[in-house]
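coords_11.pdb follows (PDB, N, CA and C atoms, pLDDT in the B column):
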ATOM      1  N   MET A   1      -0.546   6.876  -8.192  1.00 86.00           N
ATOM      2  CA  MET A   1      -0.747   5.879  -9.226  1.00 86.00           C
ATOM      3  C   MET A   1       0.594   5.670  -9.926  1.00 86.00           C
ATOM      4  N   SER A   2       0.982   4.442 -10.055  1.00 87.00           N
ATOM      5  CA  SER A   2       2.238   4.123 -10.739  1.00 87.00           C
ATOM      6  C   SER A   2       2.044   4.177 -12.260  1.00 87.00           C
ATOM      7  N   LYS A   3       3.138   4.112 -12.961  1.00 92.00           N
ATOM      8  CA  LYS A   3       3.078   4.091 -14.431  1.00 92.00           C
ATOM      9  C   LYS A   3       2.231   2.903 -14.899  1.00 92.00           C
ATOM     10  N   GLU A   4       2.455   1.749 -14.276  1.00 92.00           N
ATOM     11  CA  GLU A   4       1.719   0.537 -14.670  1.00 92.00           C
ATOM     12  C   GLU A   4       0.222   0.678 -14.371  1.00 92.00           C
ATOM     13  N   GLU A   5      -0.095   1.262 -13.202  1.00 92.00           N
ATOM     14  CA  GLU A   5      -1.498   1.475 -12.858  1.00 92.00           C
ATOM     15  C   GLU A   5      -2.150   2.448 -13.831  1.00 92.00           C
ATOM     16  N   CYS A   6      -1.420   3.475 -14.202  1.00 92.00           N
ATOM     17  CA  CYS A   6      -1.921   4.451 -15.166  1.00 92.00           C
ATOM     18  C   CYS A   6      -2.158   3.786 -16.526  1.00 92.00           C
ATOM     19  N   MET A   7      -1.208   2.975 -16.954  1.00 94.00           N
ATOM     20  CA  MET A   7      -1.350   2.272 -18.234  1.00 94.00           C
ATOM     21  C   MET A   7      -2.575   1.362 -18.209  1.00 94.00           C
ATOM     22  N   ASP A   8      -2.758   0.630 -17.111  1.00 94.00           N
ATOM     23  CA  ASP A   8      -3.908  -0.270 -16.996  1.00 94.00           C
ATOM     24  C   ASP A   8      -5.230   0.505 -17.016  1.00 94.00           C
ATOM     25  N   ALA A   9      -5.289   1.587 -16.232  1.00 94.00           N
ATOM     26  CA  ALA A   9      -6.527   2.373 -16.150  1.00 94.00           C
ATOM     27  C   ALA A   9      -6.879   2.999 -17.499  1.00 94.00           C
ATOM     28  N   LEU A  10      -5.891   3.599 -18.157  1.00 93.00           N
ATOM     29  CA  LEU A  10      -6.171   4.232 -19.448  1.00 93.00           C
ATOM     30  C   LEU A  10      -6.542   3.200 -20.510  1.00 93.00           C
ATOM     31  N   SER A  11      -5.935   2.033 -20.417  1.00 93.00           N
ATOM     32  CA  SER A  11      -6.283   0.969 -21.355  1.00 93.00           C
ATOM     33  C   SER A  11      -7.724   0.501 -21.131  1.00 93.00           C
ATOM     34  N   LYS A  12      -8.065   0.308 -19.878  1.00 93.00           N
ATOM     35  CA  LYS A  12      -9.384  -0.223 -19.528  1.00 93.00           C
ATOM     36  C   LYS A  12     -10.504   0.791 -19.742  1.00 93.00           C
ATOM     37  N   TYR A  13     -10.298   2.032 -19.282  1.00 93.00           N
ATOM     38  CA  TYR A  13     -11.389   3.004 -19.275  1.00 93.00           C
ATOM     39  C   TYR A  13     -11.398   3.974 -20.457  1.00 93.00           C
ATOM     40  N   ALA A  14     -10.242   4.137 -21.113  1.00 94.00           N
ATOM     41  CA  ALA A  14     -10.191   5.102 -22.215  1.00 94.00           C
ATOM     42  C   ALA A  14      -9.744   4.457 -23.521  1.00 94.00           C
ATOM     43  N   ASP A  15      -9.527   3.144 -23.477  1.00 94.00           N
ATOM     44  CA  ASP A  15      -9.111   2.390 -24.662  1.00 94.00           C
ATOM     45  C   ASP A  15      -7.833   2.985 -25.298  1.00 94.00           C
ATOM     46  N   ILE A  16      -6.906   3.418 -24.432  1.00 94.00           N
ATOM     47  CA  ILE A  16      -5.618   3.927 -24.902  1.00 94.00           C
ATOM     48  C   ILE A  16      -4.596   2.809 -24.726  1.00 94.00           C
ATOM     49  N   LYS A  17      -3.911   2.489 -25.789  1.00 97.00           N
ATOM     50  CA  LYS A  17      -2.954   1.381 -25.759  1.00 97.00           C
ATOM     51  C   LYS A  17      -1.830   1.676 -24.770  1.00 97.00           C
ATOM     52  N   PRO A  18      -1.437   0.662 -23.997  1.00 96.00           N
ATOM     53  CA  PRO A  18      -0.374   0.840 -23.006  1.00 96.00           C
ATOM     54  C   PRO A  18       0.928   1.405 -23.588  1.00 96.00           C
ATOM     55  N   VAL A  19       1.256   1.050 -24.821  1.00 97.00           N
ATOM     56  CA  VAL A  19       2.484   1.561 -25.426  1.00 97.00           C
ATOM     57  C   VAL A  19       2.425   3.084 -25.581  1.00 97.00           C
ATOM     58  N   ILE A  20       1.242   3.613 -25.841  1.00 96.00           N
ATOM     59  CA  ILE A  20       1.067   5.064 -25.963  1.00 96.00           C
ATOM     60  C   ILE A  20       1.273   5.726 -24.597  1.00 96.00           C
ATOM     61  N   THR A  21       0.614   5.186 -23.593  1.00 95.00           N
ATOM     62  CA  THR A  21       0.752   5.736 -22.246  1.00 95.00           C
ATOM     63  C   THR A  21       2.198   5.671 -21.789  1.00 95.00           C
ATOM     64  N   SER A  22       2.861   4.555 -22.036  1.00 96.00           N
ATOM     65  CA  SER A  22       4.258   4.397 -21.642  1.00 96.00           C
ATOM     66  C   SER A  22       5.154   5.427 -22.322  1.00 96.00           C
ATOM     67  N   THR A  23       4.931   5.634 -23.599  1.00 97.00           N
ATOM     68  CA  THR A  23       5.728   6.606 -24.355  1.00 97.00           C
ATOM     69  C   THR A  23       5.524   8.021 -23.818  1.00 97.00           C
ATOM     70  N   VAL A  24       4.274   8.384 -23.586  1.00 95.00           N
ATOM     71  CA  VAL A  24       3.970   9.719 -23.058  1.00 95.00           C
ATOM     72  C   VAL A  24       4.563   9.873 -21.660  1.00 95.00           C
ATOM     73  N   TRP A  25       4.435   8.843 -20.835  1.00 94.00           N
ATOM     74  CA  TRP A  25       4.971   8.876 -19.465  1.00 94.00           C
ATOM     75  C   TRP A  25       6.488   9.120 -19.491  1.00 94.00           C
ATOM     76  N   LYS A  26       7.178   8.392 -20.363  1.00 95.00           N
ATOM     77  CA  LYS A  26       8.637   8.554 -20.476  1.00 95.00           C
ATOM     78  C   LYS A  26       9.004   9.974 -20.888  1.00 95.00           C
ATOM     79  N   GLU A  27       8.275  10.534 -21.823  1.00 96.00           N
ATOM     80  CA  GLU A  27       8.543  11.909 -22.260  1.00 96.00           C
ATOM     81  C   GLU A  27       8.261  12.914 -21.140  1.00 96.00           C
ATOM     82  N   LEU A  28       7.186  12.679 -20.409  1.00 94.00           N
ATOM     83  CA  LEU A  28       6.884  13.552 -19.275  1.00 94.00           C
ATOM     84  C   LEU A  28       7.983  13.471 -18.220  1.00 94.00           C
ATOM     85  N   GLU A  29       8.498  12.272 -17.993  1.00 93.00           N
ATOM     86  CA  GLU A  29       9.599  12.111 -17.038  1.00 93.00           C
ATOM     87  C   GLU A  29      10.829  12.908 -17.473  1.00 93.00           C
ATOM     88  N   LYS A  30      11.107  12.896 -18.761  1.00 95.00           N
ATOM     89  CA  LYS A  30      12.258  13.649 -19.279  1.00 95.00           C
ATOM     90  C   LYS A  30      12.069  15.148 -19.081  1.00 95.00           C
ATOM     91  N   GLU A  31      10.870  15.637 -19.369  1.00 95.00           N
ATOM     92  CA  GLU A  31      10.597  17.071 -19.311  1.00 95.00           C
ATOM     93  C   GLU A  31      10.396  17.585 -17.886  1.00 95.00           C
ATOM     94  N   ASN A  32       9.982  16.706 -16.984  1.00 94.00           N
ATOM     95  CA  ASN A  32       9.640  17.112 -15.612  1.00 94.00           C
ATOM     96  C   ASN A  32      10.353  16.224 -14.595  1.00 94.00           C
ATOM     97  N   LYS A  33      11.647  16.105 -14.740  1.00 94.00           N
ATOM     98  CA  LYS A  33      12.436  15.188 -13.919  1.00 94.00           C
ATOM     99  C   LYS A  33      12.228  15.416 -12.419  1.00 94.00           C
ATOM    100  N   GLU A  34      12.259  16.677 -11.980  1.00 95.00           N
ATOM    101  CA  GLU A  34      12.110  16.985 -10.556  1.00 95.00           C
ATOM    102  C   GLU A  34      10.754  16.533 -10.021  1.00 95.00           C
ATOM    103  N   PHE A  35       9.721  16.769 -10.810  1.00 93.00           N
ATOM    104  CA  PHE A  35       8.381  16.365 -10.393  1.00 93.00           C
ATOM    105  C   PHE A  35       8.314  14.851 -10.185  1.00 93.00           C
ATOM    106  N   PHE A  36       8.823  14.092 -11.148  1.00 90.00           N
ATOM    107  CA  PHE A  36       8.735  12.636 -11.061  1.00 90.00           C
ATOM    108  C   PHE A  36       9.622  12.069  -9.959  1.00 90.00           C
ATOM    109  N   GLU A  37      10.742  12.718  -9.682  1.00 92.00           N
ATOM    110  CA  GLU A  37      11.580  12.284  -8.564  1.00 92.00           C
ATOM    111  C   GLU A  37      10.843  12.492  -7.244  1.00 92.00           C
ATOM    112  N   ALA A  38      10.211  13.654  -7.084  1.00 92.00           N
ATOM    113  CA  ALA A  38       9.438  13.933  -5.872  1.00 92.00           C
ATOM    114  C   ALA A  38       8.232  12.993  -5.774  1.00 92.00           C
ATOM    115  N   TYR A  39       7.603  12.741  -6.901  1.00 89.00           N
ATOM    116  CA  TYR A  39       6.444  11.842  -6.957  1.00 89.00           C
ATOM    117  C   TYR A  39       6.849  10.432  -6.518  1.00 89.00           C
ATOM    118  N   ALA A  40       7.968   9.950  -7.034  1.00 88.00           N
ATOM    119  CA  ALA A  40       8.456   8.621  -6.672  1.00 88.00           C
ATOM    120  C   ALA A  40       8.791   8.554  -5.181  1.00 88.00           C
ATOM    121  N   LYS A  41       9.400   9.613  -4.676  1.00 90.00           N
ATOM    122  CA  LYS A  41       9.758   9.645  -3.260  1.00 90.00           C
ATOM    123  C   LYS A  41       8.501   9.586  -2.379  1.00 90.00           C
ATOM    124  N   ARG A  42       7.478  10.367  -2.728  1.00 89.00           N
ATOM    125  CA  ARG A  42       6.224  10.353  -1.968  1.00 89.00           C
ATOM    126  C   ARG A  42       5.561   8.978  -2.008  1.00 89.00           C
ATOM    127  N   ARG A  43       5.596   8.343  -3.180  1.00 86.00           N
ATOM    128  CA  ARG A  43       5.010   7.001  -3.284  1.00 86.00           C
ATOM    129  C   ARG A  43       5.743   6.002  -2.400  1.00 86.00           C
ATOM    130  N   GLU A  44       7.068   6.096  -2.361  1.00 86.00           N
ATOM    131  CA  GLU A  44       7.864   5.211  -1.504  1.00 86.00           C
ATOM    132  C   GLU A  44       7.543   5.446  -0.033  1.00 86.00           C
ATOM    133  N   GLU A  45       7.450   6.722   0.354  1.00 85.00           N
ATOM    134  CA  GLU A  45       7.142   7.053   1.745  1.00 85.00           C
ATOM    135  C   GLU A  45       5.764   6.535   2.140  1.00 85.00           C
ATOM    136  N   ARG A  46       4.813   6.702   1.250  1.00 80.00           N
ATOM    137  CA  ARG A  46       3.465   6.193   1.531  1.00 80.00           C
ATOM    138  C   ARG A  46       3.469   4.678   1.641  1.00 80.00           C
ATOM    139  N   GLY A  47       4.220   4.027   0.773  1.00 75.00           N
ATOM    140  CA  GLY A  47       4.310   2.569   0.824  1.00 75.00           C
ATOM    141  C   GLY A  47       4.918   2.093   2.127  1.00 75.00           C
ATOM    142  N   ALA A  48       5.973   2.774   2.572  1.00 73.00           N
ATOM    143  CA  ALA A  48       6.614   2.414   3.837  1.00 73.00           C
ATOM    144  C   ALA A  48       5.673   2.663   5.004  1.00 73.00           C
ATOM    145  N   ALA A  49       4.956   3.779   4.965  1.00 66.00           N
ATOM    146  CA  ALA A  49       4.004   4.096   6.035  1.00 66.00           C
ATOM    147  C   ALA A  49       2.874   3.069   6.063  1.00 66.00           C
ATOM    148  N   ALA A  50       2.403   2.669   4.903  1.00 63.00           N
ATOM    149  CA  ALA A  50       1.324   1.676   4.832  1.00 63.00           C
ATOM    150  C   ALA A  50       1.804   0.329   5.364  1.00 63.00           C
ATOM    151  N   ALA A  51       3.023  -0.059   5.034  1.00 64.00           N
ATOM    152  CA  ALA A  51       3.573  -1.329   5.517  1.00 64.00           C
ATOM    153  C   ALA A  51       3.724  -1.295   7.030  1.00 64.00           C
ATOM    154  N   SER A  52       4.205  -0.176   7.550  1.00 64.00           N
ATOM    155  CA  SER A  52       4.362  -0.020   8.989  1.00 64.00           C
ATOM    156  C   SER A  52       3.011  -0.079   9.686  1.00 64.00           C
ATOM    157  N   SER A  53       2.031   0.572   9.109  1.00 68.00           N
ATOM    158  CA  SER A  53       0.685   0.576   9.664  1.00 68.00           C
ATOM    159  C   SER A  53       0.097  -0.836   9.672  1.00 68.00           C
ATOM    160  N   GLU A  54       0.316  -1.577   8.594  1.00 68.00           N
ATOM    161  CA  GLU A  54      -0.191  -2.954   8.505  1.00 68.00           C
ATOM    162  C   GLU A  54       0.472  -3.838   9.549  1.00 68.00           C
ATOM    163  N   THR A  55       1.771  -3.672   9.736  1.00 72.00           N
ATOM    164  CA  THR A  55       2.493  -4.446  10.751  1.00 72.00           C
ATOM    165  C   THR A  55       1.940  -4.130  12.136  1.00 72.00           C
ATOM    166  N   HIS A  56       1.749  -2.844  12.405  1.00 66.00           N
ATOM    167  CA  HIS A  56       1.211  -2.421  13.699  1.00 66.00           C
ATOM    168  C   HIS A  56      -0.190  -2.998  13.905  1.00 66.00           C
ATOM    169  N   ARG A  57      -1.026  -2.941  12.886  1.00 70.00           N
ATOM    170  CA  ARG A  57      -2.394  -3.462  12.964  1.00 70.00           C
ATOM    171  C   ARG A  57      -2.370  -4.974  13.226  1.00 70.00           C
ATOM    172  N   SER A  58      -1.509  -5.691  12.532  1.00 68.00           N
ATOM    173  CA  SER A  58      -1.406  -7.141  12.729  1.00 68.00           C
ATOM    174  C   SER A  58      -0.963  -7.470  14.147  1.00 68.00           C
ATOM    175  N   GLN A  59      -0.007  -6.696  14.664  1.00 75.00           N
ATOM    176  CA  GLN A  59       0.475  -6.926  16.030  1.00 75.00           C
ATOM    177  C   GLN A  59      -0.635  -6.671  17.043  1.00 75.00           C
ATOM    178  N   ARG A  60      -1.411  -5.611  16.834  1.00 75.00           N
ATOM    179  CA  ARG A  60      -2.510  -5.312  17.758  1.00 75.00           C
ATOM    180  C   ARG A  60      -3.562  -6.419  17.740  1.00 75.00           C
ATOM    181  N   ILE A  61      -3.876  -6.931  16.549  1.00 73.00           N
ATOM    182  CA  ILE A  61      -4.846  -8.026  16.443  1.00 73.00           C
ATOM    183  C   ILE A  61      -4.315  -9.255  17.165  1.00 73.00           C
ATOM    184  N   HIS A  62      -3.057  -9.561  16.936  1.00 70.00           N
ATOM    185  CA  HIS A  62      -2.428 -10.707  17.618  1.00 70.00           C
ATOM    186  C   HIS A  62      -2.509 -10.537  19.127  1.00 70.00           C
ATOM    187  N   ASP A  63      -2.144  -9.347  19.616  1.00 74.00           N
ATOM    188  CA  ASP A  63      -2.168  -9.084  21.050  1.00 74.00           C
ATOM    189  C   ASP A  63      -3.576  -9.216  21.618  1.00 74.00           C
ATOM    190  N   LEU A  64      -4.571  -8.678  20.909  1.00 75.00           N
ATOM    191  CA  LEU A  64      -5.953  -8.773  21.371  1.00 75.00           C
ATOM    192  C   LEU A  64      -6.421 -10.228  21.430  1.00 75.00           C
ATOM    193  N   LEU A  65      -6.075 -10.987  20.399  1.00 74.00           N
ATOM    194  CA  LEU A  65      -6.472 -12.403  20.381  1.00 74.00           C
ATOM    195  C   LEU A  65      -5.770 -13.179  21.488  1.00 74.00           C
ATOM    196  N   PHE A  66      -4.496 -12.920  21.668  1.00 72.00           N
ATOM    197  CA  PHE A  66      -3.737 -13.606  22.716  1.00 72.00           C
ATOM    198  C   PHE A  66      -4.313 -13.265  24.080  1.00 72.00           C
ATOM    199  N   HIS A  67      -4.593 -11.976  24.294  1.00 72.00           N
ATOM    200  CA  HIS A  67      -5.161 -11.540  25.573  1.00 72.00           C
ATOM    201  C   HIS A  67      -6.533 -12.166  25.785  1.00 72.00           C
ATOM    202  N   SER A  68      -7.336 -12.223  24.752  1.00 67.00           N
ATOM    203  CA  SER A  68      -8.666 -12.806  24.840  1.00 67.00           C
ATOM    204  C   SER A  68      -8.581 -14.291  25.192  1.00 67.00           C
ATOM    205  N   ASN A  69      -7.683 -15.019  24.534  1.00 64.00           N
ATOM    206  CA  ASN A  69      -7.516 -16.444  24.823  1.00 64.00           C
ATOM    207  C   ASN A  69      -6.974 -16.668  26.224  1.00 64.00           C
ATOM    208  N   SER A  70      -6.085 -15.803  26.678  1.00 63.00           N
ATOM    209  CA  SER A  70      -5.546 -15.911  28.029  1.00 63.00           C
ATOM    210  C   SER A  70      -6.653 -15.738  29.057  1.00 63.00           C
ATOM    211  N   ASN A  71      -7.543 -14.793  28.809  1.00 59.00           N
ATOM    212  CA  ASN A  71      -8.657 -14.572  29.725  1.00 59.00           C
ATOM    213  C   ASN A  71      -9.600 -15.770  29.740  1.00 59.00           C
ATOM    214  N   LYS A  72      -9.852 -16.369  28.585  1.00 57.00           N
ATOM    215  CA  LYS A  72     -10.715 -17.547  28.519  1.00 57.00           C
ATOM    216  C   LYS A  72     -10.101 -18.689  29.308  1.00 57.00           C
ATOM    217  N   ASP A  73      -8.777 -18.912  29.115  1.00 55.00           N
ATOM    218  CA  ASP A  73      -8.089 -19.976  29.837  1.00 55.00           C
ATOM    219  C   ASP A  73      -8.138 -19.712  31.338  1.00 55.00           C
ATOM    220  N   HIS A  74      -7.917 -18.484  31.736  1.00 54.00           N
ATOM    221  CA  HIS A  74      -7.946 -18.119  33.149  1.00 54.00           C
ATOM    222  C   HIS A  74      -9.342 -18.317  33.720  1.00 54.00           C
ATOM    223  N   ASN A  75     -10.367 -17.886  32.987  1.00 53.00           N
ATOM    224  CA  ASN A  75     -11.749 -18.029  33.444  1.00 53.00           C
ATOM    225  C   ASN A  75     -12.154 -19.491  33.528  1.00 53.00           C
ATOM    226  N   THR A  76     -11.723 -20.305  32.598  1.00 52.00           N
ATOM    227  CA  THR A  76     -12.039 -21.725  32.593  1.00 52.00           C
ATOM    228  C   THR A  76     -11.388 -22.411  33.783  1.00 52.00           C
ATOM    229  N   SER A  77     -10.115 -22.118  34.039  1.00 52.00           N
ATOM    230  CA  SER A  77      -9.434 -22.765  35.162  1.00 52.00           C
ATOM    231  C   SER A  77      -9.995 -22.280  36.480  1.00 52.00           C
ATOM    232  N   THR A  78     -10.440 -21.038  36.571  1.00 51.00           N
ATOM    233  CA  THR A  78     -11.027 -20.509  37.781  1.00 51.00           C
ATOM    234  C   THR A  78     -12.377 -21.168  38.031  1.00 51.00           C
ATOM    235  N   THR A  79     -13.141 -21.374  36.981  1.00 51.00           N
ATOM    236  CA  THR A  79     -14.463 -21.994  37.105  1.00 51.00           C
ATOM    237  C   THR A  79     -14.330 -23.455  37.510  1.00 51.00           C
ATOM    238  N   ILE A  80     -13.353 -24.153  36.982  1.00 52.00           N
ATOM    239  CA  ILE A  80     -13.155 -25.566  37.284  1.00 52.00           C
ATOM    240  C   ILE A  80     -12.722 -25.743  38.735  1.00 52.00           C
ATOM    241  N   ASN A  81     -11.893 -24.840  39.205  1.00 49.00           N
ATOM    242  CA  ASN A  81     -11.388 -24.944  40.588  1.00 49.00           C
ATOM    243  C   ASN A  81     -12.476 -24.505  41.504  1.00 49.00           C
TER
END

Before we go any further, please render this structure as structure tokens.
Amino acid sequence: MSKEECMDALSKYADIKPVITSTVWKELEKENKEFFEAYAKRREERGAAAASSETHRSQRIHDLLFHSNSNKDHNTSTTIN
């Protein structure tokens, strides 16, 4: 969860003003610098992995659709001949 997501969730579900969450988050970052650096790195890695997965999924869908259409065209031309 990003800082912004945390601010939104706490505002919506706990009625905590975003300025409060932001202030606390900044202080936590100061006190736990290593944790937040590792946290940010993991979030980036997950984001990159998710983007790669989405690209792969889109390519597979494209390939399946292309293959399916090719088979239909082949079957149609075979039936006509």

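One finds CA of Glu29 (chain A) at 19.9 Å from CA of Ser11 (chain A).
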
Exercise. Any idea what's packed within 8 Å of Thr21 (chain A), counting all atoms listed in the file, ignoring anything in its chain fewer than 3 positions away? Could you give it as an NGL selection string?
Worked result: :A and (3 or 6-7 or 10-11 or 16-18 or 24-27)

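Note that CA of Asp15 (chain A) and CA of Arg42 (chain A) are 28.5 Å apart.
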
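Picture a line from CA of Glu37 (chain A) to atom N of Arg57 (chain A); it runs 29.2 Å.
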
Region 1-51 of chain A written out with C-alpha atoms as a PDB file, in the first residue's frame:
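For reference, decode_29.pdb as written:
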ATOM      1  CA  MET A   1       0.000   0.000   0.000  1.00  0.00           C
ATOM      2  CA  SER A   2       1.420   3.367  -0.963  1.00  0.00           C
ATOM      3  CA  LYS A   3       1.335   6.451   1.232  1.00  0.00           C
ATOM      4  CA  GLU A   4      -1.538   7.819  -0.868  1.00  0.00           C
ATOM      5  CA  GLU A   5      -3.475   4.546  -0.639  1.00  0.00           C
ATOM      6  CA  CYS A   6      -2.948   4.508   3.114  1.00  0.00           C
ATOM      7  CA  MET A   7      -4.130   8.113   3.412  1.00  0.00           C
ATOM      8  CA  ASP A   8      -7.245   7.339   1.352  1.00  0.00           C
ATOM      9  CA  ALA A   9      -8.081   4.171   3.308  1.00  0.00           C
ATOM     10  CA  LEU A  10      -7.618   5.780   6.722  1.00  0.00           C
ATOM     11  CA  SER A  11      -9.642   8.784   5.636  1.00  0.00           C
ATOM     12  CA  LYS A  12     -12.467   6.642   4.291  1.00  0.00           C
ATOM     13  CA  TYR A  13     -12.632   3.888   6.915  1.00  0.00           C
ATOM     14  CA  ALA A  14     -11.258   5.501  10.076  1.00  0.00           C
ATOM     15  CA  ASP A  15     -12.118   9.161   9.467  1.00  0.00           C
ATOM     16  CA  ILE A  16      -8.455  10.152   9.935  1.00  0.00           C
ATOM     17  CA  LYS A  17      -7.537  13.300   8.047  1.00  0.00           C
ATOM     18  CA  PRO A  18      -4.983  12.760   5.269  1.00  0.00           C
ATOM     19  CA  VAL A  19      -2.713  15.461   6.717  1.00  0.00           C
ATOM     20  CA  ILE A  20      -2.414  13.410   9.921  1.00  0.00           C
ATOM     21  CA  THR A  21      -1.574  10.221   8.053  1.00  0.00           C
ATOM     22  CA  SER A  22       0.942  12.076   5.890  1.00  0.00           C
ATOM     23  CA  THR A  23       2.651  13.592   8.920  1.00  0.00           C
ATOM     24  CA  VAL A  24       2.870  10.251  10.724  1.00  0.00           C
ATOM     25  CA  TRP A  25       4.108   8.531   7.542  1.00  0.00           C
ATOM     26  CA  LYS A  26       6.888  11.112   7.130  1.00  0.00           C
ATOM     27  CA  GLU A  27       7.987  10.649  10.740  1.00  0.00           C
ATOM     28  CA  LEU A  28       7.968   6.879  10.357  1.00  0.00           C
ATOM     29  CA  GLU A  29      10.108   7.236   7.236  1.00  0.00           C
ATOM     30  CA  LYS A  30      12.627   9.299   9.202  1.00  0.00           C
ATOM     31  CA  GLU A  31      12.786   6.809  12.075  1.00  0.00           C
ATOM     32  CA  ASN A  32      12.777   3.662   9.908  1.00  0.00           C
ATOM     33  CA  LYS A  33      14.646   4.699   6.775  1.00  0.00           C
ATOM     34  CA  GLU A  34      15.924   1.186   5.952  1.00  0.00           C
ATOM     35  CA  PHE A  35      12.468  -0.326   6.250  1.00  0.00           C
ATOM     36  CA  PHE A  36      10.893   2.229   3.911  1.00  0.00           C
ATOM     37  CA  GLU A  37      13.708   1.900   1.377  1.00  0.00           C
ATOM     38  CA  ALA A  38      13.214  -1.882   1.301  1.00  0.00           C
ATOM     39  CA  TYR A  39       9.437  -1.398   1.183  1.00  0.00           C
ATOM     40  CA  ALA A  40       9.726   0.965  -1.789  1.00  0.00           C
ATOM     41  CA  LYS A  41      12.053  -1.441  -3.574  1.00  0.00           C
ATOM     42  CA  ARG A  42       9.625  -4.362  -3.099  1.00  0.00           C
ATOM     43  CA  ARG A  43       6.740  -2.249  -4.383  1.00  0.00           C
ATOM     44  CA  GLU A  44       8.739  -1.318  -7.490  1.00  0.00           C
ATOM     45  CA  GLU A  45       9.674  -4.952  -8.116  1.00  0.00           C
ATOM     46  CA  ARG A  46       6.071  -6.043  -7.757  1.00  0.00           C
ATOM     47  CA  GLY A  47       4.957  -3.289 -10.107  1.00  0.00           C
ATOM     48  CA  ALA A  48       7.510  -4.342 -12.711  1.00  0.00           C
ATOM     49  CA  ALA A  49       6.524  -7.996 -12.334  1.00  0.00           C
ATOM     50  CA  ALA A  50       2.837  -7.115 -12.685  1.00  0.00           C
ATOM     51  CA  ALA A  51       3.517  -5.044 -15.817  1.00  0.00           C
TER      52      ALA A  51
END
